[in-house]
$ cat query_8.cif   # mmCIF, C-alpha atoms and all ligand atoms
data_my_file
loop_
_atom_site.label_atom_id
_atom_site.label_comp_id
_atom_site.auth_asym_id
_atom_site.auth_seq_id
_atom_site.Cartn_x
_atom_site.Cartn_y
_atom_site.Cartn_z
CA MET A 1 78.01 119.54 118.76
CA ALA A 2 78.33 115.79 118.58
CA THR A 3 75.38 113.55 119.42
CA LEU A 4 75.72 110.82 122.00
CA ALA A 5 73.78 108.23 120.06
CA ALA A 6 73.92 105.33 122.54
CA VAL A 7 75.71 104.01 125.60
CA LEU A 8 76.27 100.28 125.88
CA ALA A 9 77.52 98.51 129.00
CA THR A 10 78.19 94.83 128.53
CA THR A 11 79.93 91.97 130.21
CA HIS A 12 82.72 90.53 128.07
CA HIS A 13 82.92 86.81 127.71
CA PRO A 14 85.98 85.84 125.68
CA PHE A 15 84.50 82.45 124.79
CA TYR A 16 81.44 83.82 123.01
CA LEU A 17 82.87 83.43 119.53
CA LYS A 18 84.21 79.93 120.15
CA ALA A 19 81.00 78.86 121.93
CA THR A 20 78.76 79.96 119.07
CA THR A 21 80.88 78.90 116.11
CA ALA A 22 81.96 75.44 117.32
CA PRO A 23 80.39 72.41 115.60
CA VAL A 24 76.85 72.08 116.97
CA GLU A 25 77.58 68.79 118.77
CA GLU A 26 80.37 70.52 120.75
CA GLN A 27 78.37 73.61 121.67
CA ILE A 28 77.23 74.35 125.20
CA PRO A 29 73.45 73.98 125.60
CA GLN A 30 72.89 77.77 125.79
CA ALA A 31 74.88 78.55 122.63
CA ALA A 32 71.88 79.22 120.37
CA GLU A 33 70.12 81.33 122.99
CA TRP A 34 73.34 83.24 123.67
CA LYS A 35 73.75 84.02 119.97
CA ARG A 36 70.14 85.21 119.73
CA LYS A 37 70.57 87.49 122.72
CA VAL A 38 73.83 88.92 121.43
CA GLU A 39 72.32 89.62 118.02
CA ALA A 40 69.34 91.35 119.62
CA TYR A 41 71.75 93.40 121.68
CA ARG A 42 73.78 94.25 118.59
CA ALA A 43 70.64 95.76 117.04
CA THR A 44 70.52 98.32 119.87
CA LEU A 45 73.84 99.72 118.64
CA THR A 46 73.00 99.41 114.95
CA ARG A 47 69.80 101.42 115.31
CA ALA A 48 71.77 104.29 116.91
CA GLN A 49 73.70 104.68 113.61
CA PRO A 50 77.00 105.63 115.22
CA ASP A 51 79.93 107.16 113.32
CA ILE A 52 82.56 106.83 116.07
CA LEU A 53 82.87 104.47 119.05
CA VAL A 54 84.36 105.45 122.40
CA MET A 55 85.37 102.05 123.77
CA VAL A 56 86.05 101.38 127.46
CA GLY A 57 87.94 98.33 128.67
CA ALA A 58 90.88 97.17 130.75
CA ASP A 59 94.16 95.67 129.64
CA HIS A 60 94.57 92.15 131.09
CA PHE A 61 98.40 92.28 131.29
CA HIS A 62 98.71 92.20 127.52
CA GLN A 63 100.43 95.46 126.66
CA PHE A 64 100.68 96.73 130.24
CA PHE A 65 102.29 95.00 133.18
CA LEU A 66 103.22 95.79 136.78
CA ASP A 67 106.36 97.64 135.72
CA ASN A 68 104.14 100.37 134.32
CA TYR A 69 100.41 99.92 134.78
CA PRO A 70 98.21 102.93 134.01
CA THR A 71 95.21 103.73 136.20
CA PHE A 72 93.42 105.50 133.36
CA LEU A 73 94.78 105.56 129.82
CA ILE A 74 93.56 106.85 126.48
CA GLY A 75 94.65 105.62 123.06
CA LYS A 76 95.65 108.36 120.61
CA ALA A 77 96.84 106.33 117.65
CA PRO A 78 95.69 106.49 114.03
CA ARG A 79 95.06 102.75 114.12
CA TYR A 80 94.94 99.91 116.64
CA ASP A 81 95.98 96.33 116.20
CA ALA A 82 94.07 93.96 118.42
CA THR A 83 94.27 90.49 119.94
CA PHE A 84 97.46 89.14 121.48
CA TYR A 85 98.99 85.73 120.85
CA ASN A 86 97.86 84.37 124.22
CA GLU A 87 94.27 85.50 123.60
CA GLU A 88 94.22 83.78 120.23
CA ARG A 89 95.61 80.69 121.90
CA GLU A 90 93.20 80.60 124.82
CA PHE A 91 90.01 82.05 123.40
CA GLY A 92 90.32 81.61 119.65
CA ILE A 93 89.73 85.34 119.08
CA PRO A 94 91.01 86.51 115.67
CA LYS A 95 93.21 89.52 115.06
CA TYR A 96 91.64 92.84 114.11
CA VAL A 97 92.81 96.25 113.02
CA LEU A 98 90.57 99.11 114.14
CA GLU A 99 90.81 102.62 112.79
CA GLY A 100 91.45 105.29 115.39
CA HIS A 101 90.04 108.80 115.58
CA GLU A 102 92.96 111.04 116.49
CA ASP A 103 90.93 114.22 116.67
CA LEU A 104 88.40 112.88 119.18
CA SER A 105 91.21 111.17 121.13
CA ARG A 106 93.00 114.50 121.46
CA PHE A 107 89.81 116.37 122.36
CA MET A 108 88.85 113.67 124.87
CA HIS A 109 92.31 113.62 126.46
CA GLU A 110 92.38 117.39 126.90
CA GLY A 111 88.77 117.50 128.04
CA LEU A 112 89.38 114.85 130.69
CA MET A 113 92.54 116.61 131.90
CA ASP A 114 90.50 119.82 132.21
CA ARG A 115 88.00 117.91 134.31
CA GLY A 116 90.54 116.58 136.78
CA PHE A 117 91.42 113.22 135.20
CA ASP A 118 95.13 113.13 134.48
CA PHE A 119 95.22 110.34 131.95
CA ALA A 120 98.19 108.33 130.80
CA PHE A 121 98.21 108.07 127.01
CA SER A 122 99.49 105.81 124.30
CA HIS A 123 100.31 106.44 120.65
CA GLU A 124 101.09 102.78 120.07
CA LEU A 125 98.39 100.70 121.63
CA LYS A 126 97.45 97.15 120.85
CA ILE A 127 94.07 96.42 122.31
CA ASP A 128 92.88 93.27 124.00
CA HIS A 129 89.68 91.28 124.38
CA SER A 130 88.08 93.78 126.78
CA ILE A 131 87.50 95.92 123.68
CA ILE A 132 87.47 93.24 120.99
CA CYS A 133 84.79 91.12 122.71
CA PRO A 134 82.25 93.95 122.49
CA ILE A 135 83.36 94.60 118.90
CA ILE A 136 82.63 90.95 118.12
CA THR A 137 79.26 91.07 119.82
CA THR A 138 78.01 94.56 118.95
CA ARG A 139 79.88 95.62 115.79
CA PRO A 140 81.48 92.56 114.20
CA GLN A 141 82.13 94.37 110.92
CA ALA A 142 84.63 96.46 112.96
CA ASP A 143 84.16 99.30 110.51
CA LEU A 144 84.05 102.37 112.79
CA PRO A 145 86.90 104.48 114.14
CA VAL A 146 87.43 104.04 117.87
CA VAL A 147 88.78 105.98 120.83
CA PRO A 148 89.96 103.39 123.37
CA ILE A 149 89.95 104.12 127.09
CA TYR A 150 91.49 101.75 129.60
CA THR A 151 90.89 101.65 133.33
CA ASN A 152 92.58 99.71 136.07
CA ILE A 153 90.19 97.13 137.50
CA PHE A 154 92.95 94.59 137.74
CA ALA A 155 96.12 95.56 139.63
CA PRO A 156 95.50 97.01 143.09
CA PRO A 157 95.29 99.66 144.39
CA LEU A 158 92.25 100.47 142.22
CA PRO A 159 90.27 103.69 142.06
CA LYS A 160 87.03 103.67 144.04
CA PRO A 161 83.64 102.96 142.40
CA LYS A 162 82.68 106.64 142.75
CA ARG A 163 85.72 107.61 140.67
CA PHE A 164 84.52 105.36 137.82
CA TRP A 165 81.10 107.01 137.95
CA ASP A 166 82.68 110.47 137.95
CA LEU A 167 84.90 109.53 135.02
CA GLY A 168 81.82 108.38 133.11
CA ARG A 169 80.16 111.73 133.82
CA ALA A 170 83.26 113.58 132.60
CA ILE A 171 83.43 111.51 129.39
CA ARG A 172 79.81 112.41 128.79
CA GLU A 173 80.54 116.13 129.13
CA VAL A 174 83.43 115.87 126.70
CA ILE A 175 81.36 113.98 124.12
CA ASP A 176 78.58 116.55 124.45
CA ALA A 177 81.13 119.36 123.92
CA TYR A 178 82.86 117.82 120.90
CA PRO A 179 82.44 120.23 117.98
CA SER A 180 81.31 117.82 115.30
CA ASP A 181 78.12 116.65 113.63
CA LYS A 182 79.11 113.01 114.22
CA ARG A 183 77.09 110.47 116.13
CA ILE A 184 79.16 108.95 118.91
CA ALA A 185 78.34 105.75 120.76
CA ALA A 186 80.12 104.68 123.94
CA VAL A 187 80.59 100.94 124.34
CA GLY A 188 82.28 99.53 127.41
CA SER A 189 82.78 96.13 128.89
CA GLY A 190 83.26 94.77 132.38
CA HIS A 191 81.96 91.97 134.54
CA LEU A 192 79.37 91.01 137.09
CA SER A 193 80.59 88.68 139.85
CA LEU A 194 83.61 86.81 138.60
CA GLU A 195 86.25 84.52 140.02
CA LEU A 196 89.52 83.74 138.21
CA GLY A 197 92.21 81.44 139.50
CA GLY A 198 90.36 80.82 142.78
CA PRO A 199 88.12 78.23 144.44
CA ARG A 200 84.87 79.62 142.99
CA GLN A 201 85.90 79.74 139.32
CA PHE A 202 84.08 77.85 136.56
CA GLY A 203 81.08 76.87 138.65
CA GLU A 204 77.58 76.18 137.33
CA HIS A 205 76.79 79.89 137.76
CA GLY A 206 78.75 83.01 138.56
CA PRO A 207 80.29 83.09 142.05
CA ASP A 208 77.63 85.44 143.50
CA PRO A 209 74.23 85.19 141.76
CA ASP A 210 72.67 87.37 144.45
CA PHE A 211 75.07 90.22 143.66
CA ASP A 212 74.47 89.69 139.94
CA ARG A 213 70.72 90.03 140.36
CA LYS A 214 71.06 93.23 142.36
CA ALA A 215 73.72 94.67 140.05
CA ILE A 216 71.47 94.16 137.03
CA GLU A 217 68.63 95.89 138.83
CA TRP A 218 70.80 98.86 139.83
CA LEU A 219 72.16 99.32 136.32
CA SER A 220 68.71 98.90 134.75
CA ASN A 221 67.34 101.65 136.96
CA GLY A 222 70.31 103.99 136.75
CA ASP A 223 70.46 103.67 140.51
CA ILE A 224 73.90 105.07 141.26
CA GLU A 225 72.95 105.76 144.87
CA ALA A 226 72.30 102.10 145.59
CA ILE A 227 75.55 101.16 143.86
CA LEU A 228 77.62 103.62 145.85
CA GLU A 229 75.93 102.53 149.06
CA ASN A 230 76.44 98.83 148.47
CA VAL A 231 79.50 98.33 146.29
CA THR A 232 83.02 98.68 147.70
CA HIS A 233 86.30 97.04 146.81
CA GLU A 234 85.77 94.71 149.76
CA SER A 235 82.21 93.77 148.79
CA MET A 236 83.32 93.06 145.23
CA THR A 237 86.15 90.84 146.49
CA GLN A 238 83.58 88.90 148.49
CA SER A 239 81.49 88.42 145.36
CA GLY A 240 84.47 86.97 143.48
CA ASN A 241 88.13 87.93 143.24
CA ALA A 242 87.77 89.47 139.73
CA THR A 243 84.44 91.24 140.30
CA HIS A 244 86.09 94.67 140.15
CA GLY A 245 85.41 94.75 136.41
CA PHE A 246 81.93 95.79 137.55
CA MET A 247 83.36 99.28 137.97
CA ASP A 248 83.63 99.64 134.20
CA LEU A 249 79.88 99.04 134.00
CA ILE A 250 79.44 101.80 136.60
CA LEU A 251 81.60 104.03 134.38
CA MET A 252 79.35 103.32 131.39
CA MET A 253 76.25 104.17 133.40
CA GLY A 254 78.08 107.38 134.32
CA ILE A 255 78.24 108.27 130.61
CA ALA A 256 74.50 107.64 130.29
CA GLY A 257 73.59 109.34 133.57
CA PRO A 258 71.27 108.22 136.38
CA GLU A 259 68.58 107.04 133.97
CA LYS A 260 66.70 103.83 133.33
CA ALA A 261 68.31 101.75 130.61
CA ALA A 262 66.27 101.42 127.41
CA TYR A 263 67.36 97.84 126.90
CA VAL A 264 68.37 95.19 129.43
CA ASP A 265 69.06 91.53 128.95
CA CYS A 266 71.04 88.84 130.71
CA LEU A 267 71.98 85.20 130.41
CA ASP A 268 72.97 82.89 133.21
CA LEU A 269 75.96 80.88 132.01
CA TYR A 270 78.46 78.59 133.68
CA HIS A 271 81.27 80.58 135.34
CA THR A 272 79.59 83.98 135.02
CA MET A 273 76.39 85.86 134.28
CA GLU A 274 76.23 87.80 131.04
CA ALA A 275 74.41 91.16 131.05
CA TYR A 276 73.70 93.72 128.35
CA PHE A 277 72.50 97.31 128.86
CA THR A 278 71.80 100.12 126.40
CA TRP A 279 70.86 103.72 127.08
CA TYR A 280 69.76 106.31 124.56
CA PRO A 281 70.49 109.51 126.49
CA GLY A 282 68.20 112.35 125.60
CA GLU A 283 65.58 110.07 124.09
CA GLU A 284 62.34 109.16 125.81
CA THR A 285 62.65 105.68 127.29
CA PRO A 286 60.26 103.47 125.35
CA MET B 1 108.81 87.47 149.10
CA SER B 2 109.19 88.84 145.57
CA LYS B 3 105.69 88.73 144.21
CA TYR B 4 106.53 91.16 141.46
CA TYR B 5 109.18 88.84 140.10
CA VAL B 6 106.92 85.79 140.26
CA ASN B 7 104.34 87.75 138.30
CA LYS B 8 107.05 88.81 135.85
CA PHE B 9 107.89 85.16 135.28
CA LEU B 10 104.25 84.25 134.59
CA TYR B 11 103.76 87.30 132.37
CA THR B 12 106.86 86.88 130.22
CA VAL B 13 106.40 83.15 129.76
CA ASP B 14 102.68 83.17 129.01
CA ARG B 15 103.09 85.64 126.15
CA ASP B 16 105.88 83.71 124.39
CA PRO B 17 105.10 80.37 122.71
CA GLU B 18 108.69 79.14 122.88
CA PHE B 19 109.16 80.00 126.58
CA LEU B 20 105.83 78.39 127.29
CA ARG B 21 106.81 75.15 125.57
CA ARG B 22 110.06 74.98 127.53
CA TYR B 23 108.30 75.76 130.81
CA LYS B 24 105.81 72.98 130.12
CA GLU B 25 108.37 70.36 129.09
CA GLU B 26 111.35 71.09 131.35
CA PRO B 27 110.22 73.40 134.12
CA ARG B 28 113.30 73.05 136.32
CA ALA B 29 115.80 73.78 133.56
CA PHE B 30 113.66 76.55 132.18
CA VAL B 31 113.18 78.35 135.53
CA THR B 32 116.99 78.35 135.93
CA THR B 33 117.48 79.79 132.45
CA TRP B 34 114.79 82.35 133.07
CA GLU B 35 116.43 83.51 136.30
CA GLN B 36 119.81 83.80 134.58
CA SER B 37 118.99 85.46 131.34
CA ILE B 38 115.32 86.32 130.85
CA GLY B 39 114.11 87.74 134.19
CA PRO B 40 116.82 90.41 134.44
CA ARG B 41 115.85 91.97 131.10
CA LEU B 42 114.32 95.40 131.44
CA ASN B 43 114.08 95.82 127.66
CA GLU B 44 116.16 94.83 124.62
CA SER B 45 119.19 96.80 125.75
CA GLU B 46 118.87 97.33 129.51
CA VAL B 47 118.98 94.97 132.48
CA THR B 48 117.69 95.31 136.02
CA THR B 49 119.45 94.19 139.20
CA VAL B 50 116.19 94.03 141.14
CA THR B 51 115.68 90.31 140.71
CA GLY B 52 115.39 87.07 142.62
CA PHE B 53 112.92 84.48 143.90
CA THR B 54 112.68 83.07 147.38
CA ASP B 55 113.26 79.30 147.49
CA ALA B 56 109.54 78.75 148.01
CA GLU B 57 108.67 80.86 144.97
CA ARG B 58 111.23 79.08 142.80
CA GLU B 59 109.91 75.66 143.88
CA ALA B 60 106.30 76.69 143.26
CA LEU B 61 107.18 77.77 139.73
CA ILE B 62 109.22 74.64 139.03
CA ASN B 63 106.39 72.43 140.28
CA HIS B 64 103.63 74.28 138.38
CA ASP B 65 102.17 74.60 141.87
CA TYR B 66 99.26 76.96 141.35
CA VAL B 67 97.97 76.37 144.87
CA ALA B 68 101.23 77.64 146.36
CA LEU B 69 101.24 80.54 143.89
CA PHE B 70 97.68 81.47 144.92
CA GLU B 71 98.76 81.35 148.56
CA MET B 72 101.73 83.63 147.84
CA GLY B 73 99.41 86.17 146.19
CA ALA B 74 100.58 85.72 142.60
CA HIS B 75 98.13 87.49 140.28
CA PHE B 76 95.18 85.19 139.67
CA PHE B 77 94.82 86.09 136.01
CA LEU B 78 98.43 85.26 135.16
CA SER B 79 98.41 82.03 137.09
CA LEU B 80 95.12 80.82 135.63
CA THR B 81 96.06 81.73 132.07
CA ILE B 82 99.48 80.10 132.03
CA PHE B 83 98.33 76.83 133.60
CA ILE B 84 95.36 76.64 131.24
CA ALA B 85 97.90 76.98 128.43
CA ILE B 86 99.94 74.13 129.90
CA TYR B 87 97.22 71.70 131.00
CA ASP B 88 93.83 72.45 129.42
CA GLU B 89 94.27 70.49 126.21
CA ASP B 90 95.52 67.30 127.85
CA TYR B 91 92.76 67.43 130.47
CA MET B 92 90.17 68.12 127.81
CA HIS B 93 91.11 64.97 125.89
CA LYS B 94 91.14 62.82 129.02
CA HIS B 95 88.33 64.27 131.14
CA GLY B 96 86.30 66.65 128.97
CA PRO B 97 85.88 70.43 128.72
CA LEU B 98 86.71 72.60 131.76
CA SER B 99 88.06 69.63 133.72
CA PHE B 100 91.37 71.38 134.35
CA GLN B 101 89.69 74.63 135.43
CA ARG B 102 87.46 72.69 137.82
CA GLU B 103 90.34 70.71 139.31
CA PHE B 104 92.20 74.00 139.80
CA ALA B 105 89.20 75.33 141.73
CA ALA B 106 88.80 72.08 143.70
CA LYS B 107 92.39 72.20 144.92
CA LEU B 108 91.70 75.66 146.36
CA GLN B 109 88.47 74.76 148.15
CA HIS B 110 90.03 75.32 151.58
CA TRP B 111 90.02 79.05 150.72
CA ARG B 112 86.26 79.24 150.23
CA GLY B 113 84.68 81.74 152.59
CA ARG B 114 88.09 82.93 153.79
CA GLU B 115 89.95 86.08 152.90
CA TYR B 116 92.30 85.21 150.05
CA PRO B 117 95.98 86.14 150.17
CA THR B 118 96.21 89.57 148.60
CA ILE B 119 97.52 90.07 145.08
CA ALA B 120 98.52 93.64 145.97
CA LEU B 121 102.28 94.15 145.88
FE FE C 1 88.03 90.36 131.62
#

$ encode --input "query_8.cif" --output "structure tokens"
Amino acid sequence: MATLAAVLATTHHPFYLKATTAPVEEQIPQAAEWKRKVEAYRATLTRAQPDILVMVGADHFHQFFLDNYPTFLIGKAPRYDATFYNEEREFGIPKYVLEGHEDLSRFMHEGLMDRGFDFAFSHELKIDHSIICPIITTRPQADLPVVPIYTNIFAPPLPKPKRFWDLGRAIREVIDAYPSDKRIAAVGSGHLSLELGGPRQFGEHGPDPDFDRKAIEWLSNGDIEAILENVTHESMTQSGNATHGFMDLILMMGIAGPEKAAYVDCLDLYHTMEAYFTWYPGEETP
Amino acid sequence: MSKYYVNKFLYTVDRDPEFLRRYKEEPRAFVTTWEQSIGPRLNESEVTTVTGFTDAEREALINHDYVALFEMGAHFFLSLTIFIAIYDEDYMHKHGPLSFQREFAAKLQHWRGREYPTIAL
């Protein structure tokens, strides 16, 4: 059976690349620290020596729009182009081509259907910065085959937080059951408190530092009970109108299970708090 | 109220450099063209008859009025992205980084602490 080598849950900040490669005199004050933290985080994936990446993200109206927006979708293509024109324009993110892994995509799709998750699927998927940002930060050589999974954290009505946790648990079961000697890592991105296109956007900190502090603590401790007690669609809206991306971090913790994270880091930036978590399921926490 | 169609405008224009240029330079003429020949496209060969803005929606789009769009419940991501594309560079040269994003937020301050208009359709 396959080995789940690591689970990474990270915020995605589309300006990371620009912020850390701009001429030094144009960089934000935290750029060097940010780069250090990202490189340290990257090492947590490298040391797991993965062969395949299961990547979780959410399409920001790039391939999918309100005429046909999937709640949960899996990519099943042999290869994935990445980065849309408007992401290059706004964030300066380059184009990528990622290899797919059709066999694991098929096994994952069937396994999730068997477990009560009726996924939409795509054989021609171009992926956006919700997956490319974590590639840039955690695997910039972009050399591993991926299985992309998209969730709807973006176009209401959204699934409930519990559903994201349950989906994470189901993904874990499918990875554990995959008949292969490969090492699989799951890498997913979301947000802490976040405001876009509203009165609290682009402040000195994220819109709800108090939520961010608690959310980091819950994820660090694998405390799904506290999350399900405290986090609802309404509470996330109060923390910032785009905070629902937090549910993808809940999903990632679902893949790891209710365990303490082996690695936790964060960085308070303008506009939003960055946070990085890694679990090594089945290994003793150091 | 045709929130879907407003979002369709923002979505189709933001992803196309030529549409975006025309919307920036001649918004009134471009919104008219869009309503006539771009909005009704379902795909390359099919059209839809489920179209149309209210007068208020049309005016908000023509005026690049992101406050009105916020108040109508246009999707925040589409509205932020397209107006960054239109204004960020000019603001950056005149007033420094993030000045457009911060003005955008400032113009919406009266919504702080209140329940925002829903983006649900
Ligand atoms: Fe995002």

$ interface_residues --input "query_8.cif" --of "chain A" --to "chain B" --cutoff "9 Å" --atoms "all atoms listed in the file" --output "list in words"
His60, Phe61, His62, Phe65, Leu66, Asp67, Phe84, Tyr85, Asn86, Arg89, Glu90, Phe154, Ala155, Pro156, Pro157, Glu195, Leu196, Gly197, Gly198, Pro199, Arg200, Gln201, Phe202, Gly203, Thr237, Gln238, Asn241 and Ala242 of chain A

$ residues_around --input "query_8.cif" --residues "Ser130 of chain A" --least-positions-apart "3" --cutoff "10 Å" --atoms "all atoms listed in the file" --output "NGL selection string"
:A and (11-14 or 55-60 or 83 or 127 or 133-135 or 150 or 188-190)

$ atom_distance --input "query_8.cif" --atom1 "atom CA of Ala82 of chain A" --atom2 "atom CA of Lys126 of chain A"
5.2 Å

$ atom_distance --input "query_8.cif" --atom1 "atom CA of Gly100 of chain A" --atom2 "atom CA of Arg169 of chain A"
22.6 Å

$ closest_residue --input "query_8.cif" --among "A:Leu267, A:Phe117, A:Thr138, A:Met252" --to "Ala31 of chain A" --atoms "all atoms listed in the file"
A:Leu267

$ axis_aligned_box --input "query_8.cif" --around "segment 42-55 of chain B" --padding-each-side "8 Å" --output "JSON"
{"center_x": 116.1, "center_y": 88.3, "center_z": 136.1, "size_x": 22.8, "size_y": 34.0, "size_z": 38.9}

$ atom_distance --input "query_8.cif" --atom1 "atom CA of Leu20 of chain B" --atom2 "atom CA of Leu69 of chain B"
17.4 Å

$ residues_around --input "query_8.cif" --residues "Thr54 of chain B" --least-positions-apart "6" --cutoff "10 Å" --atoms "all atoms listed in the file" --output "ChimeraX atom specification"
/B:1-3,5-6,60

$ write_last_selection --input "query_8.cif" --atoms "C-alpha atoms" --output "mmCIF file, in the frame of the given file"
data_model
loop_
_atom_site.group_PDB
_atom_site.id
_atom_site.type_symbol
_atom_site.label_atom_id
_atom_site.label_comp_id
_atom_site.auth_asym_id
_atom_site.auth_seq_id
_atom_site.Cartn_x
_atom_site.Cartn_y
_atom_site.Cartn_z
ATOM 1 C CA MET B 1 108.810 87.470 149.100
ATOM 2 C CA SER B 2 109.190 88.840 145.570
ATOM 3 C CA LYS B 3 105.690 88.730 144.210
ATOM 4 C CA TYR B 5 109.180 88.840 140.100
ATOM 5 C CA VAL B 6 106.920 85.790 140.260
ATOM 6 C CA ALA B 60 106.300 76.690 143.260
#

$ closest_residue --input "query_8.cif" --among "A:Glu25, A:Glu259, A:Asp103, A:Glu234" --to "Lys160 of chain A" --atoms "only C-alpha atoms"
A:Glu234

$ closest_residue --input "query_8.cif" --among "B:Phe9, B:Pro117, B:Gln36, B:Arg41" --to "Glu57 of chain B" --atoms "all atoms listed in the file"
B:Phe9

$ closest_residue --input "query_8.cif" --among "A:His233, A:Arg115, A:His191, A:His205" --to "ligand FE 1 (chain C)" --atoms "all atoms listed in the file"
A:His191
